[in-house]
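**Student:** For reference, the file upload15.cif (mmCIF, C-alpha atoms) is included below:
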data_model
#
loop_
_atom_site.label_atom_id
_atom_site.label_comp_id
_atom_site.auth_asym_id
_atom_site.auth_seq_id
_atom_site.Cartn_x
_atom_site.Cartn_y
_atom_site.Cartn_z
CA MET A 1 32.86 -27.29 -22.56
CA ARG A 2 35.15 -24.87 -20.79
CA ALA A 3 38.38 -23.68 -22.36
CA ALA A 4 41.20 -25.95 -21.21
CA THR A 5 43.63 -24.59 -18.64
CA ALA A 6 45.76 -27.64 -17.74
CA PRO A 7 49.49 -27.10 -18.52
CA PHE A 8 51.19 -28.87 -21.42
CA MET A 9 54.62 -28.53 -23.12
CA VAL A 10 55.20 -27.07 -26.57
CA ALA A 11 58.34 -26.56 -28.62
CA SER A 12 59.30 -23.13 -27.39
CA GLY A 13 62.68 -23.52 -25.79
CA ASN A 14 62.34 -24.59 -22.16
CA LYS A 15 59.21 -22.54 -21.67
CA ALA A 16 56.14 -24.29 -20.24
CA ILE A 17 52.99 -22.80 -21.75
CA THR A 18 49.42 -23.47 -20.61
CA LYS A 19 46.55 -23.82 -23.04
CA GLU A 20 45.34 -20.48 -21.74
CA ASN A 21 48.65 -18.91 -22.75
CA ALA A 22 48.42 -20.66 -26.08
CA VAL A 23 45.38 -18.58 -27.05
CA THR A 24 46.80 -15.27 -25.88
CA ASP A 25 50.47 -15.46 -26.86
CA LEU A 26 50.55 -14.14 -30.41
CA SER A 27 54.27 -14.81 -30.71
CA MET A 28 53.64 -18.59 -30.65
CA ASN A 29 54.27 -20.12 -34.05
CA LEU A 30 50.97 -21.09 -35.75
CA GLU A 31 52.41 -24.31 -37.09
CA GLN A 32 53.51 -25.32 -33.57
CA TRP A 33 50.07 -24.49 -32.24
CA LEU A 34 48.38 -26.65 -34.88
CA VAL A 35 50.66 -29.58 -34.08
CA GLN A 36 49.98 -29.07 -30.38
CA MET A 37 46.21 -29.08 -30.92
CA GLN A 38 46.37 -32.26 -32.97
CA ASP A 39 48.53 -34.08 -30.41
CA SER A 40 46.41 -33.08 -27.43
CA GLU A 41 43.50 -35.23 -26.24
CA ASP A 42 39.90 -34.15 -25.59
CA ILE A 43 40.26 -30.80 -27.34
CA ASP A 44 37.56 -29.30 -29.52
CA PHE A 45 39.80 -28.08 -32.34
CA LEU A 46 37.36 -25.66 -33.97
CA LYS A 47 36.35 -24.15 -30.64
CA HIS A 48 39.96 -23.53 -29.62
CA ALA A 49 40.81 -22.18 -33.06
CA VAL A 50 38.06 -19.58 -32.76
CA THR A 51 39.16 -18.79 -29.20
CA LYS A 52 42.74 -18.23 -30.35
CA LEU A 53 41.56 -16.01 -33.19
CA VAL A 54 39.38 -13.75 -31.06
CA HIS A 55 42.05 -13.43 -28.35
CA GLY A 56 44.50 -12.45 -31.05
CA LEU A 57 42.11 -9.82 -32.36
CA MET A 58 41.62 -8.44 -28.86
CA GLU A 59 45.41 -8.21 -28.32
CA LEU A 60 45.80 -6.26 -31.55
CA GLU A 61 42.91 -3.93 -30.71
CA VAL A 62 43.95 -3.22 -27.14
CA SER A 63 47.53 -2.56 -28.26
CA ALA A 64 46.24 -0.01 -30.78
CA VAL A 65 44.14 1.69 -28.10
CA ALA A 66 47.01 1.71 -25.58
CA GLY A 67 49.51 2.90 -28.18
CA ALA A 68 51.93 0.05 -27.44
CA LYS A 69 52.18 -3.71 -27.42
CA ARG A 70 52.28 -5.71 -24.22
CA TYR A 71 55.48 -4.90 -22.23
CA GLU A 72 56.67 -2.57 -25.01
CA ARG A 73 58.50 0.59 -23.95
CA THR A 74 57.66 3.48 -26.23
CA SER A 75 56.91 7.20 -26.03
CA GLU A 76 53.70 6.59 -28.00
CA ARG A 77 52.10 4.66 -25.16
CA VAL A 78 48.93 6.38 -23.84
CA ASP A 79 47.65 3.72 -21.44
CA GLU A 80 48.75 0.67 -19.48
CA ARG A 81 47.39 -2.86 -19.17
CA ASN A 82 45.45 -3.65 -16.03
CA GLY A 83 44.77 -7.37 -16.12
CA TYR A 84 41.78 -9.14 -17.66
CA ARG A 85 38.07 -9.59 -17.11
CA GLY A 86 36.18 -12.75 -17.96
CA ARG A 87 33.17 -13.04 -20.21
CA THR A 88 31.44 -16.04 -21.72
CA TRP A 89 30.66 -15.60 -25.41
CA ASP A 90 28.02 -17.95 -26.84
CA THR A 91 28.77 -18.79 -30.47
CA ARG A 92 27.80 -21.42 -33.02
CA VAL A 93 30.88 -23.45 -32.05
CA GLY A 94 29.89 -23.38 -28.38
CA SER A 95 30.45 -21.15 -25.35
CA LEU A 96 33.88 -19.52 -25.34
CA ASP A 97 35.48 -18.34 -22.09
CA LEU A 98 37.18 -15.09 -23.07
CA ARG A 99 39.78 -13.07 -21.19
CA ILE A 100 39.17 -9.47 -22.23
CA PRO A 101 42.11 -7.11 -21.61
CA LYS A 102 41.55 -4.16 -19.30
CA LEU A 103 43.27 -0.78 -19.43
CA ARG A 104 44.13 1.31 -16.41
CA HIS A 105 42.72 4.66 -17.51
CA GLN A 106 39.91 3.86 -19.93
CA GLY A 107 37.42 1.17 -20.77
CA PHE A 108 38.07 -1.34 -23.53
CA GLN A 109 35.39 -3.23 -25.45
CA PRO A 110 36.41 -5.47 -28.39
CA SER A 111 34.79 -4.34 -31.63
CA PHE A 112 33.34 -7.79 -32.32
CA LEU A 113 31.65 -7.93 -28.90
CA GLU A 114 28.80 -5.45 -28.75
CA PRO A 115 27.79 -4.59 -25.17
CA ARG A 116 24.46 -6.24 -24.45
CA THR A 117 21.62 -3.98 -23.44
CA ARG A 118 19.23 -5.24 -20.80
CA ALA A 119 16.56 -5.75 -23.45
CA GLU A 120 18.89 -7.85 -25.61
CA ARG A 121 19.87 -9.93 -22.60
CA ALA A 122 16.18 -10.36 -21.80
CA ILE A 123 15.38 -11.64 -25.30
CA PHE A 124 18.33 -14.01 -25.05
CA SER A 125 17.18 -15.30 -21.66
CA VAL A 126 13.57 -15.80 -22.82
CA VAL A 127 14.71 -17.84 -25.82
CA GLN A 128 16.98 -19.88 -23.56
CA GLU A 129 14.18 -20.47 -21.06
CA ALA A 130 11.79 -21.52 -23.82
CA TYR A 131 14.34 -23.95 -25.21
CA ILE A 132 15.22 -25.44 -21.83
CA HIS A 133 11.53 -25.94 -20.96
CA GLY A 134 10.86 -27.63 -24.27
CA VAL A 135 8.65 -24.88 -25.69
CA SER A 136 9.09 -25.84 -29.33
CA THR A 137 8.02 -23.26 -31.90
CA ARG A 138 9.58 -22.47 -35.24
CA LYS A 139 10.62 -19.02 -34.04
CA VAL A 140 12.31 -20.37 -30.91
CA GLU A 141 14.03 -23.18 -32.82
CA ALA A 142 15.35 -20.73 -35.41
CA LEU A 143 16.62 -18.39 -32.71
CA VAL A 144 18.28 -21.22 -30.79
CA GLN A 145 20.14 -22.26 -33.93
CA ALA A 146 21.10 -18.68 -34.84
CA LEU A 147 22.33 -17.93 -31.31
CA GLY A 148 24.20 -21.22 -30.99
CA ILE A 149 22.74 -22.13 -27.58
CA GLU A 150 21.69 -25.76 -28.18
CA ALA A 151 24.00 -26.93 -25.39
CA MET A 152 22.95 -24.30 -22.85
CA ASP A 153 22.70 -25.83 -19.38
CA LYS A 154 19.69 -25.24 -17.13
CA SER A 155 21.64 -23.80 -14.20
CA ARG A 156 23.13 -21.06 -16.34
CA VAL A 157 19.78 -20.15 -17.87
CA SER A 158 18.24 -20.07 -14.39
CA ARG A 159 21.00 -17.78 -13.13
CA MET A 160 20.64 -15.32 -16.00
CA CYS A 161 16.85 -15.28 -15.65
CA SER A 162 16.96 -14.70 -11.89
CA GLU A 163 19.43 -11.81 -12.25
CA LEU A 164 17.24 -10.03 -14.79
CA ASP A 165 14.04 -10.84 -12.89
CA GLU A 166 15.48 -9.26 -9.75
CA LEU A 167 16.52 -6.15 -11.68
CA VAL A 168 13.09 -5.76 -13.28
CA GLU A 169 11.28 -6.33 -9.99
CA GLN A 170 13.35 -3.63 -8.29
CA TRP A 171 12.40 -1.21 -11.05
CA ARG A 172 8.72 -2.21 -11.00
CA SER A 173 8.49 -1.76 -7.22
CA ARG A 174 10.55 1.47 -6.96
CA ARG A 175 9.10 4.49 -5.15
CA LEU A 176 7.51 7.12 -7.38
CA LEU A 177 8.97 10.34 -6.06
CA LYS A 178 7.55 12.93 -8.47
CA ALA A 179 4.02 14.28 -8.76
CA CYS A 180 2.54 13.32 -12.14
CA PRO A 181 -0.22 15.64 -13.44
CA TYR A 182 -0.77 13.62 -16.62
CA VAL A 183 -0.91 9.81 -16.82
CA MET A 184 -1.77 7.46 -19.67
CA PHE A 185 -2.76 3.81 -19.61
CA ASP A 186 -2.70 1.19 -22.30
CA ALA A 187 -2.73 -2.58 -22.73
CA LYS A 188 -1.20 -4.96 -25.26
CA TYR A 189 -1.81 -8.68 -25.60
CA VAL A 190 0.84 -11.38 -26.05
CA LYS A 191 0.68 -15.17 -26.27
CA VAL A 192 1.87 -17.13 -23.23
CA ARG A 193 1.94 -20.86 -22.47
CA SER A 194 -0.24 -21.63 -19.47
CA GLY A 195 -1.61 -24.94 -18.23
CA GLY A 196 -0.51 -26.82 -21.32
CA CYS A 197 -2.07 -24.43 -23.83
CA VAL A 198 -1.38 -21.03 -25.39
CA VAL A 199 -3.45 -18.09 -24.10
CA SER A 200 -3.48 -14.33 -24.65
CA LYS A 201 -2.49 -12.23 -21.66
CA ALA A 202 -2.60 -8.47 -21.15
CA ILE A 203 0.50 -6.35 -20.61
CA VAL A 204 -0.76 -3.18 -18.87
CA THR A 205 1.43 -0.10 -18.92
CA ALA A 206 1.31 3.29 -17.19
CA TYR A 207 3.11 6.31 -18.61
CA ALA A 208 3.27 9.82 -17.16
CA ILE A 209 4.46 13.35 -17.64
CA ALA A 210 5.88 14.40 -14.29
CA ASP A 211 5.71 17.86 -12.74
CA ASP A 212 9.29 18.56 -13.88
CA GLY A 213 8.22 18.16 -17.53
CA TYR A 214 9.95 14.84 -18.17
CA ARG A 215 8.27 11.65 -19.37
CA THR A 216 8.49 8.48 -17.32
CA ILE A 217 7.21 4.91 -17.26
CA LEU A 218 5.37 4.40 -13.98
CA GLY A 219 5.00 0.65 -14.15
CA MET A 220 3.76 -2.45 -15.95
CA ASP A 221 2.21 -5.81 -15.13
CA VAL A 222 0.80 -8.93 -16.74
CA PHE A 223 -2.79 -10.07 -16.18
CA GLU A 224 -5.00 -12.85 -17.47
CA THR A 225 -7.35 -10.22 -18.88
CA GLU A 226 -8.41 -6.59 -18.55
CA SER A 227 -11.15 -6.07 -15.99
CA LEU A 228 -12.18 -3.67 -13.25
CA ALA A 229 -10.43 -5.91 -10.71
CA THR A 230 -7.12 -6.08 -12.58
CA TRP A 231 -7.02 -2.39 -13.44
CA ARG A 232 -8.00 -1.47 -9.87
CA SER A 233 -5.16 -3.66 -8.57
CA PHE A 234 -2.67 -2.07 -10.96
CA LEU A 235 -3.69 1.54 -10.23
CA THR A 236 -3.76 0.87 -6.49
CA SER A 237 -0.21 -0.48 -6.66
CA LEU A 238 0.91 2.76 -8.37
CA VAL A 239 -0.72 4.88 -5.65
CA ASP A 240 0.84 2.70 -2.95
CA ARG A 241 4.26 3.30 -4.54
CA GLY A 242 3.76 7.08 -4.40
CA LEU A 243 1.75 8.17 -7.46
CA ARG A 244 0.13 11.52 -6.64
CA GLY A 245 -0.96 14.83 -8.13
CA VAL A 246 -2.81 13.30 -11.10
CA ARG A 247 -4.92 15.91 -12.89
CA LEU A 248 -5.85 14.02 -16.08
CA ALA A 249 -5.83 10.32 -17.01
CA VAL A 250 -5.90 9.36 -20.70
CA SER A 251 -6.98 5.96 -22.02
CA ASP A 252 -9.39 4.16 -24.30
CA ASP A 253 -12.94 3.61 -23.05
CA HIS A 254 -12.47 0.14 -21.55
CA LYS A 255 -15.21 0.07 -18.92
CA GLY A 256 -13.10 -1.61 -16.26
CA LEU A 257 -10.20 0.83 -16.72
CA VAL A 258 -12.43 3.92 -16.68
CA ALA A 259 -14.20 2.72 -13.54
CA ALA A 260 -10.85 2.02 -11.84
CA ILE A 261 -9.55 5.49 -12.75
CA ARG A 262 -12.60 7.16 -11.22
CA GLU A 263 -12.38 4.95 -8.13
CA VAL A 264 -8.63 5.05 -7.42
CA LEU A 265 -7.45 8.38 -8.91
CA THR A 266 -9.99 10.54 -7.10
CA GLY A 267 -10.04 14.17 -8.24
CA ALA A 268 -8.57 13.36 -11.65
CA ALA A 269 -10.40 14.06 -14.90
CA TRP A 270 -10.58 11.44 -17.66
CA GLN A 271 -9.87 11.96 -21.35
CA ARG A 272 -11.07 9.39 -23.85
CA CYS A 273 -8.39 8.73 -26.44
CA MET A 274 -9.29 10.62 -29.61
CA VAL A 275 -7.69 8.02 -31.90
CA HIS A 276 -9.59 5.12 -30.36
CA PHE A 277 -12.81 7.17 -30.46
CA MET A 278 -12.40 7.99 -34.15
CA ARG A 279 -11.74 4.34 -35.02
CA ASN A 280 -14.88 3.34 -33.14
CA MET A 281 -16.98 5.97 -34.90
CA LEU A 282 -15.69 5.05 -38.37
CA GLY A 283 -16.74 1.47 -37.72
CA HIS A 284 -20.38 2.59 -37.61
CA VAL A 285 -20.52 4.07 -41.11
CA GLN A 286 -20.07 2.68 -44.60
CA LYS A 287 -16.64 2.81 -46.13
CA LYS A 288 -17.67 5.48 -48.66
CA ASP A 289 -18.69 7.84 -45.81
CA ARG A 290 -15.59 7.43 -43.64
CA ASP A 291 -13.46 10.21 -45.11
CA ALA A 292 -16.28 12.74 -44.66
CA LEU A 293 -16.86 11.67 -41.05
CA LYS A 294 -13.13 11.79 -40.33
CA THR A 295 -13.01 15.39 -41.59
CA VAL A 296 -15.95 16.36 -39.35
CA LEU A 297 -14.39 14.80 -36.25
CA ARG A 298 -11.01 16.42 -36.87
CA SER A 299 -12.64 19.80 -37.24
CA ILE A 300 -14.00 19.42 -33.70
CA PHE A 301 -10.61 18.66 -32.16
CA ASN A 302 -8.88 21.44 -34.11
CA GLN A 303 -10.95 24.27 -32.60
CA GLU A 304 -9.12 26.97 -30.66
CA SER A 305 -11.23 26.71 -27.49
CA LYS A 306 -13.44 24.25 -25.69
CA ALA A 307 -16.49 26.45 -26.27
CA LEU A 308 -15.92 26.48 -30.04
CA ALA A 309 -15.30 22.71 -30.01
CA ARG A 310 -18.66 22.19 -28.24
CA GLN A 311 -20.43 24.29 -30.82
CA ARG A 312 -18.79 22.41 -33.66
CA LEU A 313 -19.64 19.05 -32.10
CA ARG A 314 -23.31 19.91 -31.60
CA LEU A 315 -23.57 21.29 -35.13
CA ALA A 316 -22.04 18.08 -36.49
CA ALA A 317 -24.46 15.92 -34.44
CA GLU A 318 -27.39 17.95 -35.77
CA LYS A 319 -26.29 17.47 -39.38
CA LEU A 320 -25.82 13.72 -38.82
CA GLY A 321 -29.46 13.52 -37.86
CA ASP A 322 -31.11 10.64 -36.03
CA THR A 323 -28.22 8.19 -36.42
CA LYS A 324 -26.17 6.05 -34.08
CA VAL A 325 -23.06 8.08 -34.93
CA ALA A 326 -24.80 11.30 -33.85
CA ARG A 327 -25.93 9.74 -30.57
CA LEU A 328 -22.44 8.37 -29.83
CA LEU A 329 -20.91 11.77 -30.56
CA GLU A 330 -23.25 13.58 -28.19
CA GLU A 331 -22.75 10.99 -25.44
CA ALA A 332 -18.96 11.26 -25.67
CA GLU A 333 -18.82 15.08 -25.65
CA GLU A 334 -17.48 15.55 -22.12
CA ASP A 335 -15.00 12.70 -22.38
CA ILE A 336 -13.41 13.60 -25.72
CA LEU A 337 -13.13 17.32 -24.92
CA ALA A 338 -11.79 16.98 -21.36
CA HIS A 339 -8.21 17.83 -22.45
CA MET A 340 -9.36 21.30 -23.53
CA SER A 341 -9.76 22.32 -19.88
CA PHE A 342 -5.96 22.23 -19.60
CA PRO A 343 -3.30 24.56 -21.07
CA ALA A 344 -3.63 24.77 -24.88
CA GLU A 345 0.01 23.85 -25.48
CA HIS A 346 -0.69 20.46 -23.85
CA TRP A 347 -3.70 19.57 -26.01
CA ARG A 348 -1.81 17.79 -28.79
CA VAL A 349 -0.24 15.42 -26.24
CA LEU A 350 -3.29 14.91 -24.02
CA ARG A 351 -6.03 14.15 -26.52
CA SER A 352 -4.85 10.60 -27.24
CA THR A 353 -2.51 7.84 -26.04
CA ASN A 354 -0.35 8.35 -29.15
CA PRO A 355 2.66 9.39 -27.03
CA LEU A 356 2.74 5.74 -25.99
CA GLU A 357 2.70 4.55 -29.60
CA ARG A 358 6.47 4.49 -30.03
CA VAL A 359 6.84 2.58 -26.76
CA ASN A 360 4.21 0.06 -27.87
CA LYS A 361 5.94 -0.40 -31.21
CA GLU A 362 9.21 -1.16 -29.45
CA ILE A 363 7.46 -3.66 -27.17
CA ALA A 364 5.87 -5.29 -30.23
CA ARG A 365 9.22 -5.43 -32.04
CA ARG A 366 10.82 -7.28 -29.13
CA THR A 367 7.90 -9.56 -28.25
CA ASN A 368 7.39 -10.57 -31.88
CA VAL A 369 10.91 -12.01 -31.86
CA VAL A 370 9.80 -14.56 -29.27
CA GLY A 371 6.27 -15.22 -30.51
CA ILE A 372 5.00 -17.44 -27.67
CA PHE A 373 6.37 -16.80 -24.17
CA PRO A 374 7.10 -19.79 -21.93
CA THR A 375 6.00 -18.12 -18.65
CA ASP A 376 4.49 -14.92 -17.22
CA ASN A 377 7.88 -14.08 -15.71
CA SER A 378 9.48 -14.19 -19.14
CA VAL A 379 6.98 -11.54 -20.32
CA LEU A 380 7.71 -9.33 -17.32
CA ARG A 381 11.45 -9.77 -17.88
CA LEU A 382 11.51 -8.81 -21.54
CA VAL A 383 8.91 -6.01 -21.50
CA GLY A 384 10.26 -4.73 -18.19
CA CYS A 385 13.77 -4.42 -19.65
CA VAL A 386 12.45 -2.62 -22.74
CA LEU A 387 10.54 -0.13 -20.58
CA MET A 388 13.48 0.37 -18.21
CA GLU A 389 15.69 1.35 -21.15
CA GLN A 390 13.01 3.69 -22.50
CA ASP A 391 12.66 5.30 -19.06
CA GLU A 392 16.42 5.88 -18.86
CA GLU A 393 16.48 7.33 -22.38
CA TRP A 394 13.80 9.86 -21.48
CA MET A 395 15.85 11.02 -18.49
CA LEU A 396 18.53 12.21 -20.92
CA THR A 397 16.22 14.05 -23.35
CA LYS A 398 14.84 17.57 -23.07
CA ARG A 399 11.67 18.35 -21.13
CA TYR A 400 8.48 17.21 -22.85
CA MET A 401 6.49 20.10 -21.32
CA THR A 402 7.68 23.43 -19.94
CA LEU A 403 7.72 24.15 -16.22
CA GLN A 404 5.77 27.38 -16.83
CA SER A 405 2.85 25.59 -18.49
CA LEU A 406 2.80 22.81 -15.88
CA ALA A 407 2.60 25.42 -13.12
CA LEU A 408 -0.86 26.35 -14.45
CA VAL A 409 -2.28 22.99 -13.33
CA ALA A 410 -0.30 22.57 -10.12
CA ASP A 411 -2.77 23.98 -7.59
CA ARG A 412 -6.11 22.60 -8.85
CA THR A 413 -7.52 19.13 -9.29
CA GLY A 414 -8.61 17.87 -12.67
CA VAL A 415 -12.27 18.05 -11.63
CA GLU A 416 -11.84 21.73 -10.65
CA LEU A 417 -10.19 22.50 -13.98
CA LEU A 418 -13.09 20.87 -15.85
CA ALA A 419 -15.56 23.02 -13.91
CA GLU A 420 -13.60 26.22 -14.64
CA VAL A 421 -13.55 25.61 -18.39
CA ALA A 422 -17.06 24.37 -19.00
#
How would this structure read if it were set down as structure tokens?
**Tutor:**
Amino acid sequence: MRAATAPFMVASGNKAITKENAVTDLSMNLEQWLVQMQDSEDIDFLKHAVTKLVHGLMELEVSAVAGAKRYERTSERVDERNGYRGRTWDTRVGSLDLRIPKLRHQGFQPSFLEPRTRAERAIFSVVQEAYIHGVSTRKVEALVQALGIEAMDKSRVSRMCSELDELVEQWRSRRLLKACPYVMFDAKYVKVRSGGCVVSKAIVTAYAIADDGYRTILGMDVFETESLATWRSFLTSLVDRGLRGVRLAVSDDHKGLVAAIREVLTGAAWQRCMVHFMRNMLGHVQKKDRDALKTVLRSIFNQESKALARQRLRLAAEKLGDTKVARLLEEAEEDILAHMSFPAEHWRVLRSTNPLERVNKEIARRTNVVGIFPTDNSVLRLVGCVLMEQDEEWMLTKRYMTLQSLALVADRTGVELLAEVA
């Protein structure tokens, strides 16, 4: 229900006041306003009471910021009014059409209205879409009640979704203008409704450290599952958008992903994530032996050179004897030590996909709010908005790697660097 705007008379001299003026004119007597609301037809009393209250709060706040009340002449004035801007505020009493005052020389945001980030808007839109499409889960129902959007109409939900979808698609398809010597890949699974049932789908993400030392999110997509075909498609799309100069790719040992890296990112070396490798190795020994094995593996990665790390690895394999753990360690030697062919100050970052851990935690925090997504597009919308905000945040932070150290890998491929540091 939209805020009423039709004119009506109140006891205020000969002045004709509209309902819109009634919620913004603080000089209007409250008792008169209450009588007026009671005498008027088809008016949601509680909704208009809240509207009047929040407009009153905004008038007080904007007057404090401007240093003067509306039309007041005073030497303390520091800014002037400049009309209003509209915003719909969804509350538990319904959607309120607010008129937010504007100032001529500075922005004004009411304290009770926090500016929505893209990610927050995306969560809101996903919940709305789930509700409109009848996707009934306890999480969605609780969120609908908390957000007060039971009466949300389909056209408005569709409009909000399409605006965010367009924004995310522009970001996902943008040209990649920087060379990226180091890239990392990871996947996370979420639940999505598809064909009348709930299935797990993979969110694949690519992260990079560009040649200027800054971190960036290269892209993301949603697939039915991880496979050579899906990873090849994703990596090819990155290359088509301009990804170049890759010296080292870091990931877990998913066979399809590793094969796609070798096929699409020609000339790049591959580093098997140390954290994933250690978890896999610990799963092959009894619980009582895990701490000892963990100490042995860490001693390999903490060596000061690749040659010393090789020696330590082979000594460890020899002590482990004829066991599956020893065989796995020897087979993985080249893959888990690949990062040591690059500048030593980069090793801590390159030996695992841990730099993506904070990003994955943020994705999990947002996706867990929804639980089950109504569509693939809703996944792209929410996760895309989260990654866009992370990408923008990294633009404002200091360099993750120095230009001097990155210059050491600028003129050689990853394969050449591996050969140089055998």
**Student:** Just so the selection is clear, what residues does the PyMOL selection byres ((chain A and resi 360-372) around 6) cover here, as a PDB file with C-alpha atoms, in the frame of the given file?
**Tutor:**
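Printed below is expr-v8.pdb as written:
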ATOM      1  CA  LYS A 191       0.680 -15.170 -26.270  1.00  0.00           C
ATOM      2  CA  VAL A 192       1.870 -17.130 -23.230  1.00  0.00           C
ATOM      3  CA  GLU A 357       2.700   4.550 -29.600  1.00  0.00           C
ATOM      4  CA  ARG A 358       6.470   4.490 -30.030  1.00  0.00           C
ATOM      5  CA  VAL A 359       6.840   2.580 -26.760  1.00  0.00           C
ATOM      6  CA  PHE A 373       6.370 -16.800 -24.170  1.00  0.00           C
TER       7      PHE A 373
END
**Student:** Of the candidates A:Arg298, A:Arg314, A:His346, A:Arg193, which one gets nearest to Ser378 in chain A if we count all atoms listed in the file?
**Tutor:**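 When distances to Ser378 in chain A are compared using all atoms listed in the file, the smallest one comes from A:Arg193.
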**Student:** Go through the shown structure with the PyMOL selection byres ((chain A and resi 280) around 12) and write out the matching residues as an NGL selection string.
**Tutor:** :A and (252-253 or 272-279 or 281-285 or 290 or 293-294 or 297 or 324-325 or 328-329 or 332)
**Student:** Report, in Å to a single decimal, how far apart CA of Arg174 in chain A and CA of Ser162 in chain A are.
**Tutor:**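 That distance, rounded to one decimal, is 18.1 Å.
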**Student:** Tell me which residues the PyMOL selection byres ((chain A and resi 390) around 12) grabs here, as number ranges by chain.
**Tutor:** A: 117-119, 207, 215-219, 356, 358-363, 383-389, 391-397
**Student:** Would you list the contacts of range 301-305 of chain A as a ChimeraX atom specification, taking every protein, DNA or RNA residue within 12 Å and counting only C-alpha atoms, but skipping same-chain residues closer than 4 positions in sequence?
**Tutor:** /A:273-275,277-278,294-297,309-313,333,336-345,347-348,350-352,421-422
**Student:** To one decimal place, how far is CA of Arg327 in chain A from CA of Gly256 in chain A in Å?
**Tutor:**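 Atom-to-atom, CA of Arg327 in chain A and CA of Gly256 in chain A are spaced 22.3 Å apart.
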**Student:** Using Å and a single decimal, report how far CA of Asp79 in chain A sits from CA of His55 in chain A.
**Tutor:** 19.3 Å
